[in-house]
file target15.pdb (PDB, C-alpha atoms)
ATOM      1  CA  MET A  90    -143.823  58.608  44.330
ATOM      2  CA  LYS A  91    -142.762  62.102  43.369
ATOM      3  CA  ARG A  92    -143.598  65.102  45.505
ATOM      4  CA  LEU A  93    -144.192  68.606  44.195
ATOM      5  CA  SER A  94    -140.861  69.790  45.579
ATOM      6  CA  ASP A  95    -139.117  67.084  43.497
ATOM      7  CA  ILE A  96    -140.428  68.469  40.207
ATOM      8  CA  LYS A  97    -138.523  70.900  38.030
ATOM      9  CA  PHE A  98    -140.598  73.837  36.818
ATOM     10  CA  SER A  99    -140.154  76.002  33.727
ATOM     11  CA  THR A 100    -141.740  78.767  31.638
ATOM     12  CA  LEU A 101    -143.192  78.734  28.137
ATOM     13  CA  ASP A 102    -143.657  82.298  26.938
ATOM     14  CA  LEU A 103    -145.928  82.845  23.936
ATOM     15  CA  VAL A 104    -144.702  86.479  23.817
ATOM     16  CA  PRO A 105    -148.258  87.849  23.745
ATOM     17  CA  VAL A 106    -149.061  91.163  22.054
ATOM     18  CA  ARG A 107    -151.592  93.337  23.857
ATOM     19  CA  GLU A 108    -154.520  95.173  22.359
ATOM     20  CA  ASN A 109    -153.077  98.594  21.420
ATOM     21  CA  GLY A 110    -149.608  97.208  22.235
ATOM     22  CA  SER A 111    -146.579  96.538  20.050
ATOM     23  CA  ALA A 112    -144.342  93.626  19.171
ATOM     24  CA  ALA A 113    -141.361  95.629  20.462
ATOM     25  CA  GLN A 114    -142.893  95.926  23.936
ATOM     26  CA  SER A 115    -143.848  92.242  23.945
ATOM     27  CA  LEU A 116    -140.271  91.231  23.145
ATOM     28  CA  ARG A 117    -138.917  93.452  25.922
ATOM     29  CA  ASN A 118    -141.489  91.961  28.295
ATOM     30  CA  SER A 119    -140.299  88.482  27.343
ATOM     31  CA  LEU A 120    -136.747  89.279  28.404
ATOM     32  CA  ASP A 121    -137.985  90.905  31.617
ATOM     33  CA  LEU A 122    -140.021  87.788  32.365
ATOM     34  CA  ALA A 123    -137.025  85.535  31.663
ATOM     35  CA  GLN A 124    -134.896  87.569  34.065
ATOM     36  CA  HIS A 125    -137.563  87.351  36.760
ATOM     37  CA  VAL A 126    -138.237  83.621  36.533
ATOM     38  CA  GLU A 127    -134.484  83.039  36.552
ATOM     39  CA  LYS A 128    -134.419  84.673  39.993
ATOM     40  CA  PHE A 129    -137.390  82.579  41.121
ATOM     41  CA  GLY A 130    -135.555  79.322  40.363
ATOM     42  CA  TYR A 131    -137.207  78.237  37.119
ATOM     43  CA  ASN A 132    -135.286  75.611  35.163
ATOM     44  CA  ARG A 133    -135.806  76.737  31.568
ATOM     45  CA  PHE A 134    -137.471  79.448  29.492
ATOM     46  CA  TRP A 135    -138.887  78.428  26.129
ATOM     47  CA  VAL A 136    -140.560  80.338  23.305
ATOM     48  CA  ALA A 137    -142.532  78.843  20.423
ATOM     49  CA  GLU A 138    -142.580  79.332  16.668
ATOM     50  CA  HIS A 139    -145.903  80.710  15.420
ATOM     51  CA  HIS A 140    -146.587  82.579  12.184
ATOM     52  CA  ASN A 141    -149.273  84.879  10.818
ATOM     53  CA  MET A 142    -150.688  85.515  14.297
ATOM     54  CA  ASP A 143    -151.010  89.149  15.347
ATOM     55  CA  GLY A 144    -151.075  88.266  19.049
ATOM     56  CA  ILE A 145    -147.814  86.273  19.194
ATOM     57  CA  ALA A 146    -144.387  87.857  18.604
ATOM     58  CA  SER A 147    -142.059  84.828  18.696
ATOM     59  CA  SER A 148    -142.017  83.936  14.991
ATOM     60  CA  ALA A 149    -138.241  84.477  14.559
ATOM     61  CA  THR A 150    -137.606  82.015  17.362
ATOM     62  CA  SER A 151    -133.839  81.569  16.985
ATOM     63  CA  VAL A 152    -133.272  85.333  16.852
ATOM     64  CA  LEU A 153    -135.372  85.849  19.974
ATOM     65  CA  LEU A 154    -133.500  83.100  21.838
ATOM     66  CA  GLY A 155    -130.219  84.942  21.264
ATOM     67  CA  TYR A 156    -131.751  88.069  22.823
ATOM     68  CA  LEU A 157    -133.090  86.097  25.801
ATOM     69  CA  ALA A 158    -129.900  84.125  26.412
ATOM     70  CA  GLY A 159    -127.832  87.301  26.174
ATOM     71  CA  GLY A 160    -129.955  88.987  28.835
ATOM     72  CA  THR A 161    -129.898  86.097  31.319
ATOM     73  CA  SER A 162    -127.078  84.124  32.898
ATOM     74  CA  THR A 163    -128.121  80.719  34.268
ATOM     75  CA  ILE A 164    -131.594  79.696  33.067
ATOM     76  CA  ARG A 165    -131.781  77.359  30.070
ATOM     77  CA  VAL A 166    -133.396  78.950  27.008
ATOM     78  CA  GLY A 167    -134.878  77.090  24.105
ATOM     79  CA  SER A 168    -137.595  76.487  21.580
ATOM     80  CA  GLY A 169    -140.915  75.038  22.549
ATOM     81  CA  GLY A 170    -140.715  74.460  19.705
ATOM     82  CA  ILE A 171    -139.177  74.977  16.316
ATOM     83  CA  MET A 172    -141.658  73.691  13.713
ATOM     84  CA  LEU A 173    -139.239  71.550  11.743
ATOM     85  CA  PRO A 174    -141.354  71.107   8.572
ATOM     86  CA  ASN A 175    -140.863  74.851   7.966
ATOM     87  CA  HIS A 176    -137.067  74.586   7.809
ATOM     88  CA  ALA A 177    -134.182  72.728   6.302
ATOM     89  CA  PRO A 178    -132.542  70.771   9.152
ATOM     90  CA  LEU A 179    -129.137  72.225   8.253
ATOM     91  CA  VAL A 180    -130.403  75.780   8.832
ATOM     92  CA  ILE A 181    -131.719  74.891  12.293
ATOM     93  CA  ALA A 182    -128.480  73.058  13.123
ATOM     94  CA  GLU A 183    -126.476  76.178  12.220
ATOM     95  CA  GLN A 184    -128.776  78.504  14.173
ATOM     96  CA  PHE A 185    -128.792  76.411  17.340
ATOM     97  CA  GLY A 186    -125.133  75.508  16.928
ATOM     98  CA  THR A 187    -124.448  79.254  16.958
ATOM     99  CA  LEU A 188    -126.582  79.739  20.073
ATOM    100  CA  GLU A 189    -124.864  76.836  21.860
ATOM    101  CA  SER A 190    -121.440  78.201  20.891
ATOM    102  CA  LEU A 191    -122.324  81.592  22.361
ATOM    103  CA  TYR A 192    -124.173  80.309  25.455
ATOM    104  CA  PRO A 193    -122.718  76.833  26.120
ATOM    105  CA  GLY A 194    -124.781  74.444  28.204
ATOM    106  CA  ARG A 195    -127.875  76.651  28.221
ATOM    107  CA  ILE A 196    -129.648  75.935  24.919
ATOM    108  CA  ASP A 197    -132.546  73.507  24.290
ATOM    109  CA  LEU A 198    -133.943  72.574  20.880
ATOM    110  CA  GLY A 199    -137.558  71.481  21.120
ATOM    111  CA  LEU A 200    -139.027  70.283  17.821
ATOM    112  CA  GLY A 201    -142.608  70.066  16.589
ATOM    113  CA  ARG A 202    -144.043  68.541  13.433
ATOM    114  CA  ALA A 203    -146.925  70.975  12.863
ATOM    115  CA  PRO A 204    -146.389  74.097  10.722
ATOM    116  CA  GLY A 205    -147.349  76.481  13.540
ATOM    117  CA  SER A 206    -149.540  78.349  11.073
ATOM    118  CA  ASP A 207    -152.207  77.925   8.423
ATOM    119  CA  GLN A 208    -151.486  76.148   5.136
ATOM    120  CA  MET A 209    -151.196  79.361   3.106
ATOM    121  CA  THR A 210    -148.588  80.704   5.536
ATOM    122  CA  ALA A 211    -146.782  77.352   5.521
ATOM    123  CA  ARG A 212    -146.431  77.616   1.744
ATOM    124  CA  ALA A 213    -145.173  81.193   2.061
ATOM    125  CA  LEU A 214    -142.541  80.049   4.571
ATOM    126  CA  ARG A 215    -141.289  77.138   2.507
ATOM    127  CA  ARG A 216    -141.523  78.509  -1.053
ATOM    128  CA  GLU A 217    -139.669  75.903  -3.080
ATOM    129  CA  ARG A 218    -139.132  73.476  -0.195
ATOM    130  CA  SER A 219    -141.419  70.470  -0.158
ATOM    131  CA  GLY A 220    -141.392  70.324   3.640
ATOM    132  CA  SER A 221    -143.978  68.008   5.144
ATOM    133  CA  ALA A 222    -144.879  66.656   8.559
ATOM    134  CA  ASP A 223    -144.474  63.210   6.972
ATOM    135  CA  ASP A 224    -140.735  63.897   6.701
ATOM    136  CA  PHE A 225    -140.434  64.655  10.414
ATOM    137  CA  PRO A 226    -138.663  61.442  11.567
ATOM    138  CA  GLU A 227    -136.054  61.740   8.796
ATOM    139  CA  ASP A 228    -135.612  65.479   9.402
ATOM    140  CA  VAL A 229    -135.041  64.854  13.122
ATOM    141  CA  ALA A 230    -132.415  62.200  12.320
ATOM    142  CA  GLU A 231    -130.677  64.537   9.864
ATOM    143  CA  LEU A 232    -130.651  67.370  12.402
ATOM    144  CA  MET A 233    -129.201  65.097  15.080
ATOM    145  CA  ARG A 234    -126.383  64.096  12.704
ATOM    146  CA  TYR A 235    -125.501  67.743  12.068
ATOM    147  CA  LEU A 236    -125.340  68.492  15.811
ATOM    148  CA  GLY A 237    -123.504  65.299  16.704
ATOM    149  CA  PRO A 238    -119.820  64.397  16.284
ATOM    150  CA  ARG A 239    -118.390  64.912  12.821
ATOM    151  CA  THR A 240    -117.711  61.656  11.000
ATOM    152  CA  PRO A 241    -114.791  61.077   8.579
ATOM    153  CA  ASP A 242    -117.074  60.630   5.556
ATOM    154  CA  GLN A 243    -119.425  63.525   6.391
ATOM    155  CA  ARG A 244    -119.688  65.792   3.345
ATOM    156  CA  ILE A 245    -122.027  68.446   4.806
ATOM    157  CA  ILE A 246    -121.353  69.980   8.208
ATOM    158  CA  ALA A 247    -123.133  72.588  10.304
ATOM    159  CA  MET A 248    -120.673  75.284  11.324
ATOM    160  CA  PRO A 249    -121.294  76.225  14.067
ATOM    161  CA  GLY A 250    -123.230  73.136  15.080
ATOM    162  CA  THR A 251    -121.176  70.031  14.531
ATOM    163  CA  GLY A 252    -120.158  68.438  17.818
ATOM    164  CA  THR A 253    -122.296  70.788  19.936
ATOM    165  CA  ASN A 254    -124.809  68.048  20.840
ATOM    166  CA  VAL A 255    -127.564  70.579  21.560
ATOM    167  CA  PRO A 256    -130.226  68.718  23.603
ATOM    168  CA  ILE A 257    -133.161  67.821  21.359
ATOM    169  CA  TRP A 258    -136.702  67.417  22.674
ATOM    170  CA  LEU A 259    -139.720  66.180  20.772
ATOM    171  CA  LEU A 260    -142.945  68.082  21.366
ATOM    172  CA  GLY A 261    -146.429  66.901  20.574
ATOM    173  CA  SER A 262    -150.157  67.100  21.114
ATOM    174  CA  SER A 263    -150.851  63.634  19.682
ATOM    175  CA  LEU A 264    -149.372  60.148  19.921
ATOM    176  CA  PHE A 265    -147.025  60.322  16.905
ATOM    177  CA  SER A 266    -144.242  62.331  18.550
ATOM    178  CA  ALA A 267    -144.699  60.411  21.800
ATOM    179  CA  GLN A 268    -143.857  57.149  20.068
ATOM    180  CA  LEU A 269    -141.011  58.680  18.055
ATOM    181  CA  ALA A 270    -139.467  60.306  21.160
ATOM    182  CA  GLY A 271    -139.611  56.968  22.948
ATOM    183  CA  GLU A 272    -138.039  55.039  20.093
ATOM    184  CA  ARG A 273    -135.241  57.615  19.730
ATOM    185  CA  GLY A 274    -134.633  57.836  23.468
ATOM    186  CA  LEU A 275    -135.311  61.585  23.569
ATOM    187  CA  PRO A 276    -137.033  63.708  26.223
ATOM    188  CA  TYR A 277    -140.688  64.367  25.473
ATOM    189  CA  ALA A 278    -142.824  67.446  26.118
ATOM    190  CA  PHE A 279    -146.586  67.022  25.771
ATOM    191  CA  ALA A 280    -148.657  70.080  24.850
ATOM    192  CA  SER A 281    -151.220  69.573  27.582
ATOM    193  CA  HIS A 282    -151.555  73.365  27.808
ATOM    194  CA  PHE A 283    -153.845  73.136  24.764
ATOM    195  CA  ALA A 284    -154.544  69.404  24.186
ATOM    196  CA  PRO A 285    -155.073  67.878  27.637
ATOM    197  CA  ARG A 286    -157.429  65.166  26.361
ATOM    198  CA  PHE A 287    -154.631  62.953  25.028
ATOM    199  CA  MET A 288    -152.143  63.581  27.838
ATOM    200  CA  HIS A 289    -152.362  60.286  29.719
ATOM    201  CA  GLU A 290    -152.339  58.194  26.547
ATOM    202  CA  ALA A 291    -149.359  60.098  25.123
ATOM    203  CA  ILE A 292    -147.355  59.599  28.312
ATOM    204  CA  ARG A 293    -148.190  55.891  28.277
ATOM    205  CA  VAL A 294    -147.156  55.516  24.614
ATOM    206  CA  TYR A 295    -143.891  57.392  25.218
ATOM    207  CA  ARG A 296    -142.913  55.342  28.256
ATOM    208  CA  ASN A 297    -143.924  52.039  26.649
ATOM    209  CA  HIS A 298    -141.841  52.724  23.525
ATOM    210  CA  PHE A 299    -138.842  54.216  25.316
ATOM    211  CA  LYS A 300    -135.429  52.822  24.439
ATOM    212  CA  PRO A 301    -132.354  54.064  26.339
ATOM    213  CA  SER A 302    -130.063  56.253  24.243
ATOM    214  CA  ALA A 303    -126.826  58.200  24.495
ATOM    215  CA  VAL A 304    -128.775  61.162  25.926
ATOM    216  CA  LEU A 305    -131.313  59.425  28.216
ATOM    217  CA  ASP A 306    -131.275  56.161  30.139
ATOM    218  CA  LYS A 307    -134.933  56.449  31.203
ATOM    219  CA  PRO A 308    -138.001  58.400  30.012
ATOM    220  CA  TYR A 309    -138.254  62.105  30.782
ATOM    221  CA  VAL A 310    -141.681  63.739  30.553
ATOM    222  CA  MET A 311    -142.465  67.452  30.644
ATOM    223  CA  LEU A 312    -146.063  68.699  30.590
ATOM    224  CA  GLY A 313    -147.352  72.072  29.432
ATOM    225  CA  VAL A 314    -149.679  73.718  31.956
ATOM    226  CA  PRO A 315    -151.690  76.967  31.649
ATOM    227  CA  LEU A 316    -151.275  79.197  34.701
ATOM    228  CA  VAL A 317    -153.269  82.006  36.281
ATOM    229  CA  ALA A 318    -152.079  82.428  39.862
ATOM    230  CA  ALA A 319    -153.220  85.346  42.018
ATOM    231  CA  ASP A 320    -153.511  86.195  45.692
ATOM    232  CA  THR A 321    -157.148  85.043  45.794
ATOM    233  CA  ASP A 322    -159.293  82.666  43.784
ATOM    234  CA  GLU A 323    -161.583  85.551  42.853
ATOM    235  CA  GLN A 324    -158.745  87.654  41.449
ATOM    236  CA  ALA A 325    -157.429  84.683  39.469
ATOM    237  CA  ASP A 326    -160.870  84.012  37.982
ATOM    238  CA  TYR A 327    -161.057  87.650  36.903
ATOM    239  CA  LEU A 328    -157.598  87.656  35.317
ATOM    240  CA  ALA A 329    -158.337  84.369  33.544
ATOM    241  CA  THR A 330    -161.017  86.044  31.418
ATOM    242  CA  SER A 331    -158.206  87.462  29.261
ATOM    243  CA  VAL A 332    -157.077  83.890  28.584
ATOM    244  CA  PHE A 333    -160.658  82.779  27.874
ATOM    245  CA  GLN A 334    -161.115  85.609  25.360
ATOM    246  CA  ARG A 335    -157.888  84.672  23.582
ATOM    247  CA  ILE A 336    -158.795  81.003  23.233
ATOM    248  CA  LEU A 337    -162.273  81.984  22.066
ATOM    249  CA  ALA A 338    -160.730  84.242  19.406
ATOM    250  CA  LEU A 339    -158.456  81.382  18.303
ATOM    251  CA  MET A 340    -161.446  79.087  17.881
ATOM    252  CA  ARG A 341    -163.332  81.737  15.930
ATOM    253  CA  GLY A 342    -160.386  82.598  13.680
ATOM    254  CA  GLN A 343    -160.246  86.148  15.028
ATOM    255  CA  SER A 344    -157.391  88.406  16.133
ATOM    256  CA  LEU A 345    -155.321  86.926  18.967
ATOM    257  CA  VAL A 346    -154.205  90.206  20.511
ATOM    258  CA  GLN A 347    -154.621  90.161  24.275
ATOM    259  CA  ARG A 348    -157.767  91.737  25.604
ATOM    260  CA  PRO A 349    -158.207  93.132  29.126
ATOM    261  CA  PRO A 350    -160.047  91.020  31.697
ATOM    262  CA  VAL A 351    -163.806  91.406  32.110
ATOM    263  CA  LYS A 352    -166.141  90.926  35.060
ATOM    264  CA  THR A 353    -168.048  88.184  33.272
ATOM    265  CA  MET A 354    -167.788  86.169  30.069
ATOM    266  CA  GLU A 355    -171.575  85.929  29.800
ATOM    267  CA  GLY A 356    -172.658  87.396  26.496
ATOM    268  CA  LEU A 357    -169.167  86.970  25.023
ATOM    269  CA  TRP A 358    -169.419  83.245  24.333
ATOM    270  CA  LEU A 359    -172.097  80.745  23.438
ATOM    271  CA  PRO A 360    -172.652  77.649  25.601
ATOM    272  CA  HIS A 361    -170.836  75.319  23.201
ATOM    273  CA  GLU A 362    -167.940  77.791  22.972
ATOM    274  CA  LYS A 363    -167.690  77.952  26.755
ATOM    275  CA  GLU A 364    -167.476  74.166  26.836
ATOM    276  CA  ALA A 365    -164.821  74.111  24.096
ATOM    277  CA  VAL A 366    -162.670  76.689  25.903
ATOM    278  CA  SER A 367    -163.011  74.692  29.126
ATOM    279  CA  ASP A 368    -161.844  71.543  27.324
ATOM    280  CA  PHE A 369    -158.903  73.429  25.805
ATOM    281  CA  LEU A 370    -157.884  74.639  29.268
ATOM    282  CA  GLY A 371    -158.662  71.379  31.036
ATOM    283  CA  LEU A 372    -155.308  71.346  32.804
ATOM    284  CA  ALA A 373    -155.258  75.059  33.665
ATOM    285  CA  MET A 374    -154.096  76.046  37.136
ATOM    286  CA  ILE A 375    -156.331  79.001  38.005
ATOM    287  CA  GLY A 376    -156.582  80.271  41.554
ATOM    288  CA  SER A 377    -154.770  81.133  44.753
ATOM    289  CA  PRO A 378    -151.518  79.375  45.718
ATOM    290  CA  GLN A 379    -153.444  77.000  47.995
ATOM    291  CA  LYS A 380    -155.846  75.927  45.242
ATOM    292  CA  ILE A 381    -153.048  75.546  42.685
ATOM    293  CA  ARG A 382    -150.906  73.501  45.083
ATOM    294  CA  ALA A 383    -153.744  71.007  45.590
ATOM    295  CA  ARG A 384    -154.366  70.634  41.843
ATOM    296  CA  LEU A 385    -150.665  70.266  41.038
ATOM    297  CA  GLU A 386    -150.239  67.539  43.643
ATOM    298  CA  VAL A 387    -153.018  65.562  41.937
ATOM    299  CA  LEU A 388    -151.438  66.120  38.512
ATOM    300  CA  ILE A 389    -148.052  64.827  39.672
ATOM    301  CA  GLU A 390    -149.617  61.851  41.424
ATOM    302  CA  GLN A 391    -151.520  60.909  38.260
ATOM    303  CA  THR A 392    -148.721  61.459  35.721
ATOM    304  CA  GLN A 393    -145.422  61.142  37.622
ATOM    305  CA  ALA A 394    -144.123  63.866  35.292
ATOM    306  CA  ASP A 395    -140.490  64.927  35.646
ATOM    307  CA  GLU A 396    -141.027  68.593  34.838
ATOM    308  CA  LEU A 397    -143.853  71.088  34.295
ATOM    309  CA  ILE A 398    -143.631  74.031  31.906
ATOM    310  CA  PHE A 399    -146.149  76.788  32.577
ATOM    311  CA  THR A 400    -147.607  79.332  30.192
ATOM    312  CA  CYS A 401    -149.271  82.443  31.567
ATOM    313  CA  ASP A 402    -150.935  84.857  29.133
ATOM    314  CA  LEU A 403    -152.241  87.656  31.333
ATOM    315  CA  TYR A 404    -153.046  91.144  30.081
ATOM    316  CA  GLU A 405    -150.908  93.107  32.535
ATOM    317  CA  HIS A 406    -147.215  92.226  32.554
ATOM    318  CA  ALA A 407    -147.058  92.831  36.312
ATOM    319  CA  ASP A 408    -149.784  90.220  36.833
ATOM    320  CA  ARG A 409    -147.746  87.685  34.859
ATOM    321  CA  LEU A 410    -144.651  88.346  36.973
ATOM    322  CA  HIS A 411    -146.667  87.966  40.160
ATOM    323  CA  SER A 412    -148.303  84.778  38.910
ATOM    324  CA  TYR A 413    -144.939  83.141  38.241
ATOM    325  CA  GLU A 414    -143.619  84.323  41.603
ATOM    326  CA  LEU A 415    -146.557  82.760  43.442
ATOM    327  CA  LEU A 416    -146.080  79.536  41.507
ATOM    328  CA  ALA A 417    -142.407  79.373  42.480
ATOM    329  CA  GLN A 418    -143.434  79.568  46.147
ATOM    330  CA  VAL A 419    -145.879  76.685  45.580
ATOM    331  CA  MET A 420    -143.351  74.518  43.744
ATOM    332  CA  LYS A 421    -140.662  75.012  46.388
ATOM    333  CA  GLY A 422    -143.066  74.053  49.145
TER     334      GLY A 422
END
call {"tool": "encode", "arguments": {"input": "target15.pdb", "output": "structure tokens"}}
result
Amino acid sequence: MKRLSDIKFSTLDLVPVRENGSAAQSLRNSLDLAQHVEKFGYNRFWVAEHHNMDGIASSATSVLLGYLAGGTSTIRVGSGGIMLPNHAPLVIAEQFGTLESLYPGRIDLGLGRAPGSDQMTARALRRERSGSADDFPEDVAELMRYLGPRTPDQRIIAMPGTGTNVPIWLLGSSLFSAQLAGERGLPYAFASHFAPRFMHEAIRVYRNHFKPSAVLDKPYVMLGVPLVAADTDEQADYLATSVFQRILALMRGQSLVQRPPVKTMEGLWLPHEKEAVSDFLGLAMIGSPQKIRARLEVLIEQTQADELIFTCDLYEHADRLHSYELLAQVMKG
């Protein structure tokens, strides 16, 4: 049985934009956070592709990864994930082949099959491309060929990209990617930071379908976990109201800019909305280090996950840094 100190721990940064803030400041904060968690011993630092969302500044994911990798030295940086239906596989192979050529051994390519946006935005991204989530398995295979060794009869190459063997992860919030990751022998990251309901079933499907491959001889599971760590449970509960307001805005189709914490959420949400936000954040680690340690030990016992990737969307940047520092102390025992 795994212990907490056996588990690798990582960061997923949604590059949040504050109320009355700017994308420029959010991007600078992302690099500052990457530099801090690198010092705390985090394994990797991922950012995700989202579009048409005023509260998230990581839409040009590959560009941002170059900035983050250039400002750090040891931590792995990657996408959590690139939404492959939005792109031609060759373009992604060239972008991540470039990143791997510049920062060898430090780049991860996590792939998702959702558009990361609404349908109107998806059409604006693709224009003449007929990209579809239905093409995801074939697109993944094509991308892997571009990043793998060049073959004698290969007519299209990714340059840079060919022969770089950038590690590919499949990401998902349902069972489709879990099964595909297992069949392809790829590492799998489940989006339990927003879809915890299907977590156990997705892990089971992935492990049951796993076939050893050139990159993995046994399954490797990473779980997304929302984080609000503070010195006391009361302070954490207060800071978490910023997260609650953001999820509530997402459910209502409102602006996702970060809002400051409030003393109480009463009057801000209806009973059914409170329940929906609670379900969304079912795996959230909110509290003091002692409380979070106890909850994480249960999570590891139940899932036997290999790695946890934490997302922490607090209003004040200093609170985010402190939250990740407290978590590192918990994870290291």
call {"tool": "residues_around", "arguments": {"input": "target15.pdb", "residues": "region 258-275 of chain A", "least_positions_apart": "3", "cutoff": "10 Å", "atoms": "only C-alpha atoms", "output": "VMD selection string"}}
result
chain A and resid 167 to 172 197 to 203 225 to 226 229 to 230 255 278 to 288 290 to 312
call {"tool": "write_last_selection", "arguments": {"input": "target15.pdb", "atoms": "C-alpha atoms", "output": "compact mmCIF listing (two decimals), in the coordinates of the input"}}
result
# COMPACT_ATOMS: atom_id res chain seq x y z
CA GLY A 167 -134.88 77.09 24.10
CA SER A 168 -137.60 76.49 21.58
CA GLY A 169 -140.92 75.04 22.55
CA GLY A 170 -140.72 74.46 19.70
CA ILE A 171 -139.18 74.98 16.32
CA MET A 172 -141.66 73.69 13.71
CA ASP A 197 -132.55 73.51 24.29
CA LEU A 198 -133.94 72.57 20.88
CA GLY A 199 -137.56 71.48 21.12
CA LEU A 200 -139.03 70.28 17.82
CA GLY A 201 -142.61 70.07 16.59
CA ARG A 202 -144.04 68.54 13.43
CA ALA A 203 -146.93 70.97 12.86
CA PHE A 225 -140.43 64.66 10.41
CA PRO A 226 -138.66 61.44 11.57
CA VAL A 229 -135.04 64.85 13.12
CA ALA A 230 -132.42 62.20 12.32
CA VAL A 255 -127.56 70.58 21.56
CA ALA A 278 -142.82 67.45 26.12
CA PHE A 279 -146.59 67.02 25.77
CA ALA A 280 -148.66 70.08 24.85
CA SER A 281 -151.22 69.57 27.58
CA HIS A 282 -151.56 73.36 27.81
CA PHE A 283 -153.84 73.14 24.76
CA ALA A 284 -154.54 69.40 24.19
CA PRO A 285 -155.07 67.88 27.64
CA ARG A 286 -157.43 65.17 26.36
CA PHE A 287 -154.63 62.95 25.03
CA MET A 288 -152.14 63.58 27.84
CA GLU A 290 -152.34 58.19 26.55
CA ALA A 291 -149.36 60.10 25.12
CA ILE A 292 -147.35 59.60 28.31
CA ARG A 293 -148.19 55.89 28.28
CA VAL A 294 -147.16 55.52 24.61
CA TYR A 295 -143.89 57.39 25.22
CA ARG A 296 -142.91 55.34 28.26
CA ASN A 297 -143.92 52.04 26.65
CA HIS A 298 -141.84 52.72 23.52
CA PHE A 299 -138.84 54.22 25.32
CA LYS A 300 -135.43 52.82 24.44
CA PRO A 301 -132.35 54.06 26.34
CA SER A 302 -130.06 56.25 24.24
CA ALA A 303 -126.83 58.20 24.50
CA VAL A 304 -128.78 61.16 25.93
CA LEU A 305 -131.31 59.42 28.22
CA ASP A 306 -131.28 56.16 30.14
CA LYS A 307 -134.93 56.45 31.20
CA PRO A 308 -138.00 58.40 30.01
CA TYR A 309 -138.25 62.10 30.78
CA VAL A 310 -141.68 63.74 30.55
CA MET A 311 -142.46 67.45 30.64
CA LEU A 312 -146.06 68.70 30.59
call {"tool": "closest_residue", "arguments": {"input": "target15.pdb", "among": "A:Ile196, A:Leu116, A:Leu403, A:Val351", "to": "Val332 (chain A)", "atoms": "only C-alpha atoms"}}
result
A:Leu403
call {"tool": "resolve_selection", "arguments": {"input": "target15.pdb", "expression": "the PyMOL selection byres ((chain A and resi 135) around 12)", "output": "short mmCIF file (atom, residue, chain, number, x, y, z; two decimals) with C-alpha atoms, in the coordinates of the input"}}
result
data_model
loop_
_atom_site.label_atom_id
_atom_site.label_comp_id
_atom_site.auth_asym_id
_atom_site.auth_seq_id
_atom_site.Cartn_x
_atom_site.Cartn_y
_atom_site.Cartn_z
CA PHE A 98 -140.60 73.84 36.82
CA SER A 99 -140.15 76.00 33.73
CA THR A 100 -141.74 78.77 31.64
CA LEU A 101 -143.19 78.73 28.14
CA ASP A 102 -143.66 82.30 26.94
CA LEU A 103 -145.93 82.84 23.94
CA VAL A 104 -144.70 86.48 23.82
CA SER A 119 -140.30 88.48 27.34
CA LEU A 120 -136.75 89.28 28.40
CA LEU A 122 -140.02 87.79 32.36
CA ALA A 123 -137.02 85.54 31.66
CA VAL A 126 -138.24 83.62 36.53
CA TYR A 131 -137.21 78.24 37.12
CA ASN A 132 -135.29 75.61 35.16
CA ARG A 133 -135.81 76.74 31.57
CA PHE A 134 -137.47 79.45 29.49
CA VAL A 136 -140.56 80.34 23.30
CA ALA A 137 -142.53 78.84 20.42
CA GLU A 138 -142.58 79.33 16.67
CA SER A 147 -142.06 84.83 18.70
CA THR A 150 -137.61 82.02 17.36
CA SER A 151 -133.84 81.57 16.98
CA LEU A 153 -135.37 85.85 19.97
CA LEU A 154 -133.50 83.10 21.84
CA GLY A 155 -130.22 84.94 21.26
CA LEU A 157 -133.09 86.10 25.80
CA ALA A 158 -129.90 84.12 26.41
CA ILE A 164 -131.59 79.70 33.07
CA ARG A 165 -131.78 77.36 30.07
CA VAL A 166 -133.40 78.95 27.01
CA GLY A 167 -134.88 77.09 24.10
CA SER A 168 -137.60 76.49 21.58
CA GLY A 169 -140.92 75.04 22.55
CA GLY A 170 -140.72 74.46 19.70
CA ILE A 171 -139.18 74.98 16.32
CA ARG A 195 -127.88 76.65 28.22
CA ILE A 196 -129.65 75.94 24.92
CA ASP A 197 -132.55 73.51 24.29
CA LEU A 198 -133.94 72.57 20.88
CA GLY A 199 -137.56 71.48 21.12
CA LEU A 200 -139.03 70.28 17.82
CA TRP A 258 -136.70 67.42 22.67
CA ALA A 278 -142.82 67.45 26.12
CA GLY A 313 -147.35 72.07 29.43
CA ILE A 398 -143.63 74.03 31.91
CA PHE A 399 -146.15 76.79 32.58
CA THR A 400 -147.61 79.33 30.19
#
call {"tool": "atom_distance", "arguments": {"input": "target15.pdb", "atom1": "CA of Phe333 (chain A)", "atom2": "CA of Ile381 (chain A)"}}
result
18.2 Å
call {"tool": "closest_residue", "arguments": {"input": "target15.pdb", "among": "A:Ala383, A:Ala407, A:Ala213, A:Leu328", "to": "Met420 (chain A)", "atoms": "only C-alpha atoms"}}
result
A:Ala383
call {"tool": "resolve_selection", "arguments": {"input": "target15.pdb", "expression": "the PyMOL selection byres ((chain A and resi 140) around 12)", "output": "number ranges by chain"}}
result
A: 103, 137-139, 141-150, 171-172, 175, 203-214, 345
call {"tool": "residues_around", "arguments": {"input": "target15.pdb", "residues": "Lys380 (chain A)", "least_positions_apart": "3", "cutoff": "12 Å", "atoms": "all atoms listed in the file", "output": "ChimeraX atom specification"}}
result
/A:316-323,325-326,373-377,383-387,415-416,419
call {"tool": "resolve_selection", "arguments": {"input": "target15.pdb", "expression": "the PyMOL selection byres ((chain A and resi 251) around 7)", "output": "NGL selection string"}}
result
:A and (235-239 or 246-250 or 252-253)
call {"tool": "residues_around", "arguments": {"input": "target15.pdb", "residues": "Pro350 (chain A)", "least_positions_apart": "3", "cutoff": "9 Å", "atoms": "only C-alpha atoms", "output": "PyMOL selection string"}}
result
chain A and resi 327-332+334+353+403-404
